[in-house]
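Participant: Take a look at this one; I'll ask things after.
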Amino acid sequence: MVTDRTNPRSSVRTAVVWDVVRSALETIKREAADTRSGPSVAGTVPLDIVDVGGGTGGFAVALARLGHRVTVIDPSPDALAALERRAAEAGVSDAVRAAQGDLATVFDVLEPECADAVLCHGVLEFVDDPAEGCRTARGLLRPGGIASVLAANRTAVVLARALGGHVAEALAALHDPSGRFGVHDPVPRRFGEQALRDLVTQAGLSVRAVHGVRIFADLVPAAAADAPAGSGPAANVTDLLALEAAASALPEFRAMATQLHVLAGLDEA
Ligand SMILES: C[S@@+](CC[C@H](N)C(=O)[O-])C[C@H]1O[C@@H](n2cnc3c(N)ncnc32)[C@H](O)[C@@H]1O
């Protein structure tokens, strides 16, 4: 396998989410091709995707390369500038819109029900009100659309602090309602699987799948997670990708994943 660092499928930290999202978009695309008129890309209708907190556009640019129209909402001007450079380098500037804003004020920038898919990756940890954030994500969706929600798993930080020898912090994270290991923890909040499912469901979305992300990627030596395939016996990224994929849906493994991914849908009325 040739590693393409611009392709989320190539990275052990993003491949599981990429595969789930891509497959869900394929389904929507097939349905849209039957019902919508308008421009088509390779015989199918391009979808409208909003990536809230999309940062520098790792997913947005890859989705644009698949032929979709992607809007990235992010409060960080630096991230948006990097996104625009990345989109230009990939030749997809026309399909990527960068808008400064945040989840709480997204309707200042976008219309309700404007999207076939909303990505909210690594954002619910930081917003003031995650429940309101999920309702906003739902409000962006057209009926039949999907939400891809990725958030830090509170179990994983307990494990990570303990493995690093920070046992008191592991204990603090275990007991803290927000899953924080102490005052120096840079992440305001982490989620358990049930809490994340509840947030999504209470926003009016139906949970379709839950996966564990980075179950092994943050535990193996860095060389194994980052090195291209074929660069040595300890650096077989192909095997690591397969291991992450195989374990991602198994409850006993996803319980300790660094992140939890929920794919949810807005059911048609
Ligand atoms: C951990 S990064 C994740 C970036 C990207 N989604 C990813 O998965 O690689 C969090 C991103 O959320 C953005 N962010 C922080 N607070 C936000 C808010 N209230 N609404 C939307 N985005 C926010 C940050 O600027 C940053 O780009």
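Letters A, B, ... mark the chains of the structure tokens in the order given; residue numbers begin at 1 per chain; ligand numbers begin at 1, in order shown.
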Show me which residues are within 8 Å of ligand 1 counting only C-alpha atoms and all ligand atoms, and format the list as a list in words.

Facilitator: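 Checked against 8 Å with only C-alpha atoms and all ligand atoms; the hits are Asp51, Val52, Gly53, Gly54, Gly55, Thr56, Gly57, Gly58, Phe59, Ile73, Asp74, Pro75, Ser76, Ala79, Gly101, Asp102, Leu103, Ala104, Leu119, Cys120, His121, Gly122, Val123, Leu124, Phe126, Val127, Asp128 and Leu150 of chain A.
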
Participant: DSSP says strand (DSSP E or B) for which residues of stretch 107-218 of chain A? Put them as an MDAnalysis selection string?

Facilitator: chainID A and resid 115:121 141:153 191 206:213

Participant: If you run DSSP on this backbone, which residues of stretch 132-256 of chain A come out as helix (DSSP H, G or I), and could you give them as a ChimeraX atom specification?

Facilitator: /A:132-140,154-163,167-175,193-202,222-226,237-247,251-254

Participant: Pick from A:Ala172, A:Thr14, A:Gly165, A:Ala209: nearest to A:Leu250, with only C-alpha atoms counted?

Facilitator: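 When distances to A:Leu250 are compared using only C-alpha atoms, the smallest one comes from A:Ala209.
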
Participant: Counting only C-alpha atoms, what is within 12 Å of A:Ala160, bar same-chain residues fewer than 6 positions away, as a PyMOL selection string?

Facilitator: chain A and resi 153-154+166-171+173-174+181+215-216+218-220+256-258

Participant: Enter the distance from atom CA of A:Leu110 to atom CA of A:Pro8, in Å, rounded to one decimal.

Facilitator: 26.2 Å

Participant: Which value, in Å to one decimal, gives the distance between atom CA of A:Pro188 and atom CA of A:Glu125?

Facilitator: 6.0 Å
